[in-house]
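Colleague: This structure is in structure tokens; I'll ask about it shortly.
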2 protein chains.
Amino acid sequence: MTSLQTPAPAAQPDCCVPSAAPALNAGDARQKALIFKALADPNRLRLLSIVKAGESGESCVCDLTEPLGLGQPTVSHHLKILVDAGLLHREKRGTWAYYSLVPGALERTAGLLATL
Amino acid sequence: MTSLQTPAPAAQPDCCVPSAAPALNAGDARQKALIFKALADPNRLRLLSIVKAGESGESCVCDLTEPLGLGQPTVSHHLKILVDAGLLHREKRGTWAYYSLVPGALERTAGLLATL
């Protein structure tokens, strides 16, 4: 029969005991995964690459379809995902939309990997 | 009637002409996208995070199921994707498989964003 006065056992060394909770919580993981999901498509990576390589710092959507060999609705769909992920900035001027990299966005995304 | 001796026209300035080909070719884009696809899932990010946080540098698959609240087949599926992407190293010892970060893999992945 155990006594209620039994002293608490000494703390167990945690050499082989994994932490019960992951370093990255579920909410943060979902947010980070959305950004990597935006990058997880070859056409979206190529779109980012073209916009980044543009000398003026922005690209008209009318110039983004031909290099990829895709139709404009498909390109617009990919661009929307990149905008929603915070990687591209979109500005409508007249008939066309112009896209530019959000300053620091690629660097911040790279930083997510350092803080997993 | 134009003469065959007509001098070649001066090169056009390319201020407003986008490059015909994207800076990132289709093959490289596919390879890079596969790595980001491995990162595009909250559970896989959490698995990487747990393995990274482990003091011994490796985690037994038997310790990776409980923190995520997932069954072992699901966890093993996610771990295989991370191994195939070159982010985790797997070593079978006895009954269990042990996972560790591939040295430099997260840093190289971050570098992909700088070289888009």
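Following the order of the structure tokens, first chain is A, next is B, and so on, with residues numbered from 1 inside each chain and ligands from 1 in the order they appear.
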Which residues of chain B come within 6 Å of chain A, and for each one, what is the closest pair of atoms and their distance in Å to one decimal, counting only C-alpha atoms, sorted by chain and residue number, as JSON lines?
Modeller:
```
{"residue": "B:Ala20", "atom": "CA", "partner": "A:Pro67", "partner_atom": "CA", "distance": 5.6}
{"residue": "B:Ala21", "atom": "CA", "partner": "A:Pro67", "partner_atom": "CA", "distance": 5.3}
{"residue": "B:Pro22", "atom": "CA", "partner": "A:Ile50", "partner_atom": "CA", "distance": 5.1}
{"residue": "B:Ala23", "atom": "CA", "partner": "A:Ser49", "partner_atom": "CA", "distance": 5.7}
{"residue": "B:Leu24", "atom": "CA", "partner": "A:Arg46", "partner_atom": "CA", "distance": 5.6}
{"residue": "B:Ala29", "atom": "CA", "partner": "A:Pro42", "partner_atom": "CA", "distance": 4.6}
{"residue": "B:Arg30", "atom": "CA", "partner": "A:Pro42", "partner_atom": "CA", "distance": 4.9}
{"residue": "B:Ala33", "atom": "CA", "partner": "A:Ala40", "partner_atom": "CA", "distance": 4.4}
{"residue": "B:Phe36", "atom": "CA", "partner": "A:Ala40", "partner_atom": "CA", "distance": 4.7}
{"residue": "B:Lys37", "atom": "CA", "partner": "A:Ala40", "partner_atom": "CA", "distance": 4.5}
{"residue": "B:Leu39", "atom": "CA", "partner": "A:Phe36", "partner_atom": "CA", "distance": 6.0}
{"residue": "B:Ala40", "atom": "CA", "partner": "A:Ala33", "partner_atom": "CA", "distance": 4.4}
{"residue": "B:Asp41", "atom": "CA", "partner": "A:Ala33", "partner_atom": "CA", "distance": 5.1}
{"residue": "B:Pro42", "atom": "CA", "partner": "A:Ala29", "partner_atom": "CA", "distance": 4.6}
{"residue": "B:Arg46", "atom": "CA", "partner": "A:Leu24", "partner_atom": "CA", "distance": 5.6}
{"residue": "B:Ser49", "atom": "CA", "partner": "A:Leu116", "partner_atom": "CA", "distance": 5.1}
{"residue": "B:Ile50", "atom": "CA", "partner": "A:Pro22", "partner_atom": "CA", "distance": 5.1}
{"residue": "B:Pro67", "atom": "CA", "partner": "A:Ala21", "partner_atom": "CA", "distance": 5.2}
{"residue": "B:Ala110", "atom": "CA", "partner": "A:Ala110", "partner_atom": "CA", "distance": 4.4}
{"residue": "B:Leu116", "atom": "CA", "partner": "A:Ser49", "partner_atom": "CA", "distance": 5.1}
```
Colleague: From chain B, collect each residue whose DSSP state is helix (DSSP H, G or I) and return the set as a VMD selection string.
Modeller: chain B and resid 26 to 39 42 to 53 61 to 63 65 to 68 72 to 84 105 to 114
Colleague: Atom CA of Pro73 of chain A to atom CA of Gly104 of chain A: how many Å, to one decimal?
Modeller: 27.5 Å
Colleague: May I ask for the distance between atom CA of Gln72 of chain A and atom CA of Glu91 of chain A, given in Å to one decimal place?
Modeller: 16.6 Å
Colleague: In Å, how far is it from atom CA of His77 of chain A to atom CA of Thr65 of chain A?
Modeller: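 Value for the atom CA of His77 of chain A-atom CA of Thr65 of chain A distance: 11.6 Å.
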